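Raw structure.cif, mmCIF, C-alpha atoms:
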data_my_file
#
loop_
_atom_site.label_atom_id
_atom_site.label_comp_id
_atom_site.auth_asym_id
_atom_site.auth_seq_id
_atom_site.Cartn_x
_atom_site.Cartn_y
_atom_site.Cartn_z
CA MET A 1 0.00 0.00 0.00
CA GLU A 2 2.74 2.46 0.96
CA LEU A 3 4.62 1.67 -2.24
CA THR A 4 1.53 2.45 -4.34
CA VAL A 5 0.90 5.71 -2.49
CA ARG A 6 4.49 6.84 -3.02
CA MET A 7 4.31 5.78 -6.64
CA LEU A 8 1.06 7.58 -7.52
CA GLY A 9 0.78 10.36 -4.97
CA ASP A 10 2.27 13.15 -7.08
CA ASN A 11 -0.21 12.86 -9.93
CA ALA A 12 -3.51 11.71 -8.45
CA THR A 13 -5.12 15.16 -8.81
CA ALA A 14 -4.08 15.30 -12.47
CA ALA A 15 -4.95 11.74 -13.51
CA ILE A 16 -7.45 10.04 -11.17
CA ALA A 17 -9.62 12.87 -9.85
CA PRO A 18 -10.44 14.49 -13.24
CA GLY A 19 -11.67 11.22 -14.71
CA ILE A 20 -13.96 10.54 -11.75
CA LEU A 21 -15.26 14.11 -11.77
CA PHE A 22 -16.03 14.03 -15.49
CA THR A 23 -17.87 10.73 -15.09
CA ALA A 24 -19.94 12.42 -12.38
CA VAL A 25 -20.66 15.31 -14.75
CA ALA A 26 -21.82 12.95 -17.50
CA SER A 27 -23.99 11.02 -15.03
CA HIS A 28 -25.57 14.29 -13.92
CA HIS A 29 -26.06 15.49 -17.49
CA TYR A 30 -27.94 12.33 -18.48
CA HIS A 31 -30.01 12.33 -15.25
CA LEU A 32 -28.88 8.95 -13.98
CA ASP A 33 -30.28 7.76 -10.68
CA ALA A 34 -28.16 7.32 -7.56
CA THR A 35 -27.52 3.60 -8.11
CA ALA A 36 -26.38 3.99 -11.72
CA THR A 37 -24.25 6.98 -10.81
CA ALA A 38 -22.57 5.09 -7.97
CA LYS A 39 -21.74 2.19 -10.31
CA ASN A 40 -20.29 4.57 -12.88
CA LEU A 41 -18.17 6.34 -10.28
CA ALA A 42 -16.84 3.04 -8.91
CA ALA A 43 -15.91 1.91 -12.43
CA SER A 44 -14.34 5.32 -13.08
CA ALA A 45 -12.24 5.19 -9.93
CA LEU A 46 -10.89 1.76 -10.89
CA LEU A 47 -10.29 2.69 -14.52
CA PHE A 48 -8.39 5.87 -13.70
CA PHE A 49 -6.39 4.23 -10.97
CA PHE A 50 -4.92 2.04 -13.71
CA TYR A 51 -4.72 5.02 -16.08
CA LEU A 52 -2.29 6.60 -13.62
CA TYR A 53 -0.66 3.34 -12.58
CA VAL A 54 0.62 2.42 -16.05
CA CYS A 55 1.72 6.01 -16.64
CA ASP A 56 3.69 6.40 -13.43
CA ALA A 57 5.16 2.90 -13.55
CA SER A 58 6.57 3.47 -17.04
CA ASN A 59 7.72 6.98 -16.16
CA GLN A 60 9.55 5.82 -13.04
CA ILE A 61 11.25 2.99 -14.91
CA SER A 62 12.91 5.47 -17.25
CA GLY A 63 13.37 8.28 -14.72
CA VAL A 64 15.26 6.69 -11.84
CA ALA A 65 18.12 9.19 -11.90
CA GLU A 66 15.70 12.10 -12.09
CA ASP A 67 13.67 10.77 -9.15
CA GLN A 68 16.84 10.37 -7.09
CA THR A 69 17.26 14.14 -7.40
CA ASN A 70 13.68 15.45 -7.54
CA LYS A 71 11.56 12.80 -5.81
CA PRO A 72 13.70 10.53 -3.62
CA TYR A 73 10.59 9.33 -1.77
CA ARG A 74 9.38 7.38 -4.83
CA PRO A 75 9.61 3.57 -4.60
CA ILE A 76 12.77 2.93 -6.66
CA PRO A 77 15.07 5.60 -5.16
CA ALA A 78 13.61 4.85 -1.71
CA GLY A 79 14.72 1.23 -2.07
CA MET A 80 11.19 -0.21 -1.91
CA THR A 81 11.49 -1.88 -5.32
CA THR A 82 13.83 -2.10 -8.30
CA VAL A 83 13.56 -1.23 -11.98
CA GLN A 84 12.84 -4.91 -12.65
CA GLY A 85 10.15 -4.88 -9.97
CA MET A 86 8.56 -1.81 -11.53
CA HIS A 87 8.61 -3.54 -14.92
CA ARG A 88 6.68 -6.44 -13.37
CA ARG A 89 4.13 -4.03 -11.98
CA LEU A 90 3.77 -2.21 -15.29
CA TRP A 91 3.32 -5.31 -17.45
CA GLY A 92 1.11 -6.94 -14.83
CA ALA A 93 -1.17 -3.90 -14.78
CA MET A 94 -1.41 -3.53 -18.56
CA PRO A 95 -3.66 -6.57 -19.21
CA VAL A 96 -5.87 -5.71 -16.22
CA TYR A 97 -6.26 -2.18 -17.58
CA THR A 98 -7.07 -3.58 -21.02
CA LEU A 99 -9.70 -5.90 -19.55
CA LEU A 100 -11.27 -2.99 -17.68
CA GLY A 101 -11.41 -1.03 -20.93
CA TRP A 102 -13.20 -3.91 -22.64
CA LEU A 103 -15.67 -4.42 -19.77
CA THR A 104 -16.52 -0.71 -19.51
CA GLY A 105 -16.74 0.06 -23.24
CA THR A 106 -13.71 2.35 -23.14
CA LEU A 107 -11.21 0.04 -24.82
CA PRO A 108 -10.19 2.38 -27.69
CA TRP A 109 -9.27 5.11 -25.19
CA VAL A 110 -7.46 2.63 -22.95
CA VAL A 111 -5.38 1.29 -25.85
CA LEU A 112 -4.62 4.84 -27.01
CA TRP A 113 -3.32 5.71 -23.53
CA GLN A 114 -1.23 2.55 -23.34
CA VAL A 115 0.43 3.41 -26.65
CA ILE A 116 1.04 6.97 -25.46
CA VAL A 117 2.71 6.09 -22.16
CA VAL A 118 4.92 3.37 -23.63
CA THR A 119 5.97 5.64 -26.50
CA LEU A 120 6.73 8.67 -24.34
CA ASN A 121 8.21 6.99 -21.28
CA LEU A 122 9.96 3.92 -22.66
CA TRP A 123 10.70 4.55 -26.34
CA SER A 124 11.04 8.30 -26.85
CA PRO A 125 14.67 9.59 -26.65
CA PRO A 126 15.03 12.08 -23.76
CA ARG A 127 16.47 14.73 -26.08
CA TYR A 128 13.17 14.89 -28.00
CA TYR A 129 10.99 15.07 -24.88
CA PHE A 130 10.13 18.76 -25.39
CA LEU A 131 8.74 17.97 -28.86
CA ALA A 132 6.81 14.85 -27.89
CA LYS A 133 5.29 16.03 -24.63
CA PRO A 134 2.75 18.65 -25.91
CA VAL A 135 1.28 16.23 -28.47
CA VAL A 136 1.26 13.34 -26.03
CA THR A 137 -0.28 15.24 -23.12
CA PHE A 138 -3.07 16.69 -25.26
CA THR A 139 -3.88 13.30 -26.77
CA GLY A 140 -3.66 11.67 -23.35
CA THR A 141 -6.05 14.21 -21.84
CA VAL A 142 -8.52 13.58 -24.66
CA ALA A 143 -8.24 9.83 -23.96
CA GLN A 144 -8.80 10.49 -20.26
CA LEU A 145 -11.88 12.68 -20.64
CA ALA A 146 -13.37 10.69 -23.51
CA ALA A 147 -13.13 7.49 -21.46
CA ALA A 148 -14.70 9.20 -18.43
CA TRP A 149 -17.70 10.38 -20.47
CA SER A 150 -18.00 7.09 -22.39
CA LEU A 151 -18.45 5.19 -19.14
CA VAL A 152 -21.86 6.85 -18.97
CA HIS A 153 -22.91 7.54 -22.56
CA PRO A 154 -21.38 7.51 -26.04
CA LEU A 155 -19.70 10.81 -26.83
CA ASP A 156 -22.11 13.28 -28.40
CA ALA A 157 -21.73 16.93 -29.46
CA VAL A 158 -21.84 18.18 -25.85
CA GLY A 159 -19.32 15.62 -24.64
CA TRP A 160 -16.93 16.22 -27.52
CA LYS A 161 -17.02 19.99 -27.02
CA TRP A 162 -16.13 19.70 -23.33
CA VAL A 163 -13.43 17.12 -24.02
CA ILE A 164 -11.66 18.97 -26.83
CA VAL A 165 -11.91 22.53 -25.48
CA ILE A 166 -10.88 21.65 -21.92
CA ALA A 167 -8.09 19.32 -23.07
CA ALA A 168 -6.67 21.99 -25.38
CA THR A 169 -7.04 24.86 -22.91
CA LEU A 170 -5.67 23.12 -19.82
CA ASN A 171 -2.71 21.70 -21.72
CA LEU A 172 -1.48 25.17 -22.68
CA PRO A 173 0.06 25.84 -19.22
CA LEU A 174 1.38 22.31 -18.70
CA SER A 175 4.99 23.07 -19.60
CA PHE A 176 5.27 24.56 -16.10
CA GLU A 177 5.32 21.00 -14.75
CA ASP A 178 8.93 20.73 -15.91
CA VAL A 179 10.08 23.86 -14.04
CA ARG A 180 9.92 22.01 -10.74
CA ASP A 181 11.99 19.12 -12.12
CA MET A 182 14.79 20.92 -13.96
CA ASP A 183 17.70 19.52 -11.94
CA GLY A 184 16.63 15.91 -12.30
CA ASP A 185 15.65 16.28 -15.96
CA ASN A 186 19.07 17.72 -16.74
CA ARG A 187 20.72 14.82 -14.95
CA ILE A 188 19.14 12.22 -17.29
CA GLY A 189 19.50 14.30 -20.46
CA ARG A 190 15.79 15.00 -20.79
CA ARG A 191 15.36 18.16 -22.84
CA THR A 192 12.37 20.10 -21.58
CA LEU A 193 11.26 23.57 -22.59
CA ALA A 194 12.33 24.93 -19.21
CA LEU A 195 15.89 23.65 -19.75
CA ILE A 196 16.07 24.90 -23.34
CA ILE A 197 14.76 28.46 -22.91
CA GLY A 198 14.98 28.89 -19.14
CA ASP A 199 12.36 28.87 -16.43
CA ARG A 200 11.44 32.59 -16.70
CA PRO A 201 9.83 32.41 -20.17
CA VAL A 202 8.01 29.24 -19.14
CA ARG A 203 6.69 30.99 -16.03
CA ILE A 204 5.43 33.90 -18.13
CA TRP A 205 3.76 31.56 -20.62
CA PHE A 206 2.20 29.62 -17.74
CA ALA A 207 0.83 32.79 -16.15
CA LEU A 208 -0.62 34.04 -19.44
CA SER A 209 -2.14 30.64 -20.19
CA MET A 210 -3.67 30.32 -16.73
CA ALA A 211 -5.07 33.84 -17.01
CA ALA A 212 -6.70 32.83 -20.29
CA VAL A 213 -8.33 29.64 -18.97
CA PRO A 214 -11.45 31.25 -17.42
CA PRO A 215 -12.42 33.44 -20.42
CA ILE A 216 -11.75 30.66 -22.94
CA LEU A 217 -13.88 28.17 -21.06
CA HIS A 218 -16.55 30.80 -20.42
CA PHE A 219 -17.08 31.67 -24.07
CA PHE A 220 -16.57 28.25 -25.67
CA VAL A 221 -17.95 25.83 -23.07
CA TYR A 222 -19.79 27.39 -20.15
CA ALA A 223 -21.83 30.24 -21.65
CA PRO A 224 -23.45 28.10 -24.40
CA THR A 225 -25.08 25.86 -21.76
CA SER A 226 -28.72 26.47 -20.84
CA THR A 227 -27.99 27.33 -17.25
CA SER A 228 -28.90 30.17 -14.94
CA THR A 229 -26.89 33.39 -14.96
CA PHE A 230 -26.18 32.93 -11.27
CA SER A 231 -24.62 29.49 -11.77
CA LEU A 232 -22.54 30.75 -14.68
CA VAL A 233 -21.24 33.74 -12.72
CA MET A 234 -20.37 31.60 -9.69
CA VAL A 235 -18.45 29.13 -11.84
CA ASP A 236 -16.60 31.96 -13.60
CA ILE A 237 -15.64 33.63 -10.32
CA ALA A 238 -14.42 30.40 -8.71
CA LEU A 239 -12.32 29.35 -11.71
CA ALA A 240 -10.91 32.86 -12.22
CA ALA A 241 -9.92 33.16 -8.56
CA LEU A 242 -8.05 29.84 -8.59
CA SER A 243 -6.49 30.22 -12.05
CA TRP A 244 -5.31 33.80 -11.55
CA THR A 245 -3.94 33.10 -8.07
CA THR A 246 -1.98 30.20 -9.56
CA ALA A 247 -0.65 32.45 -12.32
CA ILE A 248 0.52 35.08 -9.83
CA ARG A 249 2.28 32.45 -7.69
CA ALA A 250 4.26 31.19 -10.69
CA LEU A 251 5.60 34.68 -11.35
CA THR A 252 6.30 35.74 -7.78
CA ILE A 253 7.46 32.68 -5.80
CA HIS A 254 10.43 30.83 -7.27
CA THR A 255 11.38 27.93 -5.01
CA VAL A 256 11.11 24.22 -5.77
CA LYS A 257 8.63 23.75 -2.92
CA ALA A 258 6.52 26.67 -4.13
CA ASP A 259 6.62 25.41 -7.72
CA ARG A 260 5.30 22.05 -6.59
CA THR A 261 2.41 23.78 -4.82
CA THR A 262 1.75 25.96 -7.86
CA TYR A 263 1.61 22.88 -10.06
CA LEU A 264 -0.85 21.26 -7.63
CA MET A 265 -3.01 24.39 -7.84
CA TYR A 266 -2.96 24.04 -11.62
CA THR A 267 -4.32 20.50 -11.26
CA TYR A 268 -7.01 21.82 -8.92
CA ALA A 269 -8.01 24.33 -11.60
CA TYR A 270 -8.25 21.46 -14.08
CA CYS A 271 -10.52 19.57 -11.69
CA LEU A 272 -12.63 22.67 -11.06
CA SER A 273 -13.02 23.31 -14.80
CA LEU A 274 -14.64 19.87 -15.06
CA THR A 275 -16.64 20.05 -11.84
CA ALA A 276 -18.34 23.14 -13.29
CA GLY A 277 -20.38 20.76 -15.40
CA LEU A 278 -22.33 19.70 -12.31
CA ALA A 279 -23.72 23.23 -12.12
CA LEU A 280 -23.98 24.00 -15.82
CA LEU A 281 -25.09 20.83 -17.64
#

Mind turning the file's structure into structure tokens?
Amino acid sequence: MELTVRMLGDNATAAIAPGILFTAVASHHYHLDATATAKNLAASALLFFFYLYVCDASNQISGVAEDQTNKPYRPIPAGMTTVQGMHRRLWGAMPVYTLLGWLTGTLPWVVLWQVIVVTLNLWSPPRYYFLAKPVVTFTGTVAQLAAAWSLVHPLDAVGWKWVIVIAATLNLPLSFEDVRDMDGDNRIGRRTLALIIGDRPVRIWFALSMAAVPPILHFFVYAPTSTSTFSLVMVDIALAALSWTTAIRALTIHTVKADRTTYLMYTYAYCLSLTAGLALL
């Protein structure tokens, strides 16, 4: 249990929580009863546990030296397992994840994510990481949100709009993730945008992108819904407050600890952008 917590703890708010929240949104949108909603949420929690598990297992196999610098509490640098042990966990989880995809009707999205994580984490040369990551993270977010919605109902025009717009918008600031990990990334030869152009331009881009999240989502996703003005205003205020506070932190507080907190706040904004569907759809 402790090994799993250390392995997945950093990314649960970016990988597990959004999927569960978006499944809840879809269940609410299609007016499912409490029993059906509970079943969907249980399936979602299991599916996205494995979504993160295969991602982090493959990432930690290839990033041991980075984790020794940036995240020494993770299982391999902490001596709780070995690279070979993590390989066993990865390839043991893959067929279970595939079976879950088949049983829940999300198999195409599961297979897409499996291809993505193996390509990025195990096959992609570290020097090309900065080119691969934007494409991979956008595609992976689409796979995540599409699977979450498909657990409830086949993707329709409403579902596709939320998936594509939110995936595109919330991936714009994601290069900030690499600011917190610059020392370890440099150690393993991983070329990230922060290492190529420096952390300051990445911080500025992050702040501008986070500032743009609320208006983009307002005009393209939230405002077109047939909801009350009050609900729309409350959602806009909450998302703006969190997004803009996160943007300001990135520009004004420049420590590794602060950057980790800022990144967590970004993941909270992602979760909030999805949770808004409970009030708007």

Enumerate, in order of chain and increasing residue number, the residues of segment 50-156 of chain A with an atom no farther than 10 Å from segment 14-26 of chain A, each with its shortest atom pair and distance in Å to one decimal, counting all atoms listed in the file, as a tab-separated table.
residue	atom	partner	partner_atom	distance
A:Phe50	CA	A:Ile16	CA	8.8
A:Tyr51	CA	A:Ala15	CA	7.2
A:Leu52	CA	A:Ala15	CA	5.8
A:Tyr53	CA	A:Ala15	CA	9.5
A:Cys55	CA	A:Ala15	CA	9.3
A:Gly140	CA	A:Ala15	CA	9.9
A:Thr141	CA	A:Ala15	CA	8.8
A:Ala143	CA	A:Gly19	CA	10.0
A:Gln144	CA	A:Gly19	CA	6.3
A:Leu145	CA	A:Gly19	CA	6.1
A:Ala146	CA	A:Gly19	CA	9.0
A:Ala147	CA	A:Gly19	CA	7.8
A:Ala148	CA	A:Thr23	CA	4.9
A:Trp149	CA	A:Thr23	CA	5.4
A:Ser150	CA	A:Thr23	CA	8.2
A:Leu151	CA	A:Thr23	CA	6.9
A:Val152	CA	A:Ala26	CA	6.3
A:His153	CA	A:Ala26	CA	7.5
A:Leu155	CA	A:Ala26	CA	9.8

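Counting from atom CA of Tyr97 of chain A, the distance to atom CA of Thr81 of chain A is 21.6 Å.
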
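Comparing A:Leu3, A:Val179, A:Val96, A:Ala207 by their smallest distance to Lys257 of chain A, the closest is A:Val179 (using only C-alpha atoms).
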
Using the chain letters and numbers from this file, what does the PyMOL selection byres ((chain A and resi 67-74) around 10) select? Give the answer as a ChimeraX atom specification. /A:3-10,59-66,75-81,180-185,187-188,256

Determine the nearest neighbour of Leu217 of chain A from the options A:Thr169, A:Ser175, A:Thr106, A:Gln84, counting all atoms listed in the file. A:Thr169

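Taking atom CA of Asn11 of chain A and atom CA of Pro154 of chain A as the two end points, the separation is 27.1 Å.
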
Kindly provide, as a PyMOL selection string, the polymer residues lying within 12 Å of (9.9, 25.0, -24.4), counting all atoms listed in the file and using the coordinates exactly as they appear in the file. chain A and resi 128-134+172-179+191-206

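Comparing A:Arg127, A:Glu2, A:Asp56, A:Thr262 by their smallest distance to Asn186 of chain A, the closest is A:Arg127 (using all atoms listed in the file).
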
What does the distance from atom CA of Thr225 of chain A to atom CA of Thr275 of chain A come to in Å, to one decimal? 14.3 Å

Please list as an MDAnalysis selection string every residue within 8 Å of Ala43 of chain A, counting all atoms listed in the file and excluding residues in the same chain fewer than 3 positions away. chainID A and resid 39:40 46:47 104 151

Please identify all polymer residues lying at most 10 Å from the point (-4.3, 1.8, -22.7) (file coordinates), using all atoms listed in the file, and present the result as an MDAnalysis selection string. chainID A and resid 50:51 54:55 94:95 97:101 106:118 140 143

Do you know which residues are at most 10 Å from Leu232 of chain A counting all atoms listed in the file, after dropping those on the same chain fewer than 6 positions away, and could you put them as a ChimeraX atom specification? /A:218,222-223,225-226,276,279-280

Going by the chain IDs and residue numbers used in this file, which residues fall under the PyMOL selection byres ((chain A and resi 239) around 9)? Write them as a VMD selection string. chain A and resid 213 to 214 234 to 238 240 to 244 269 272 to 273 276

Report, as JSON, the centre and edge lengths in Å (one decimal) of the axis-aligned box enclosing every listed atom of segment 264-279 of chain A, padded by 8 Å on each side.
{"center_x": -12.3, "center_y": 22.0, "center_z": -11.5, "size_x": 38.9, "size_y": 20.8, "size_z": 23.8}
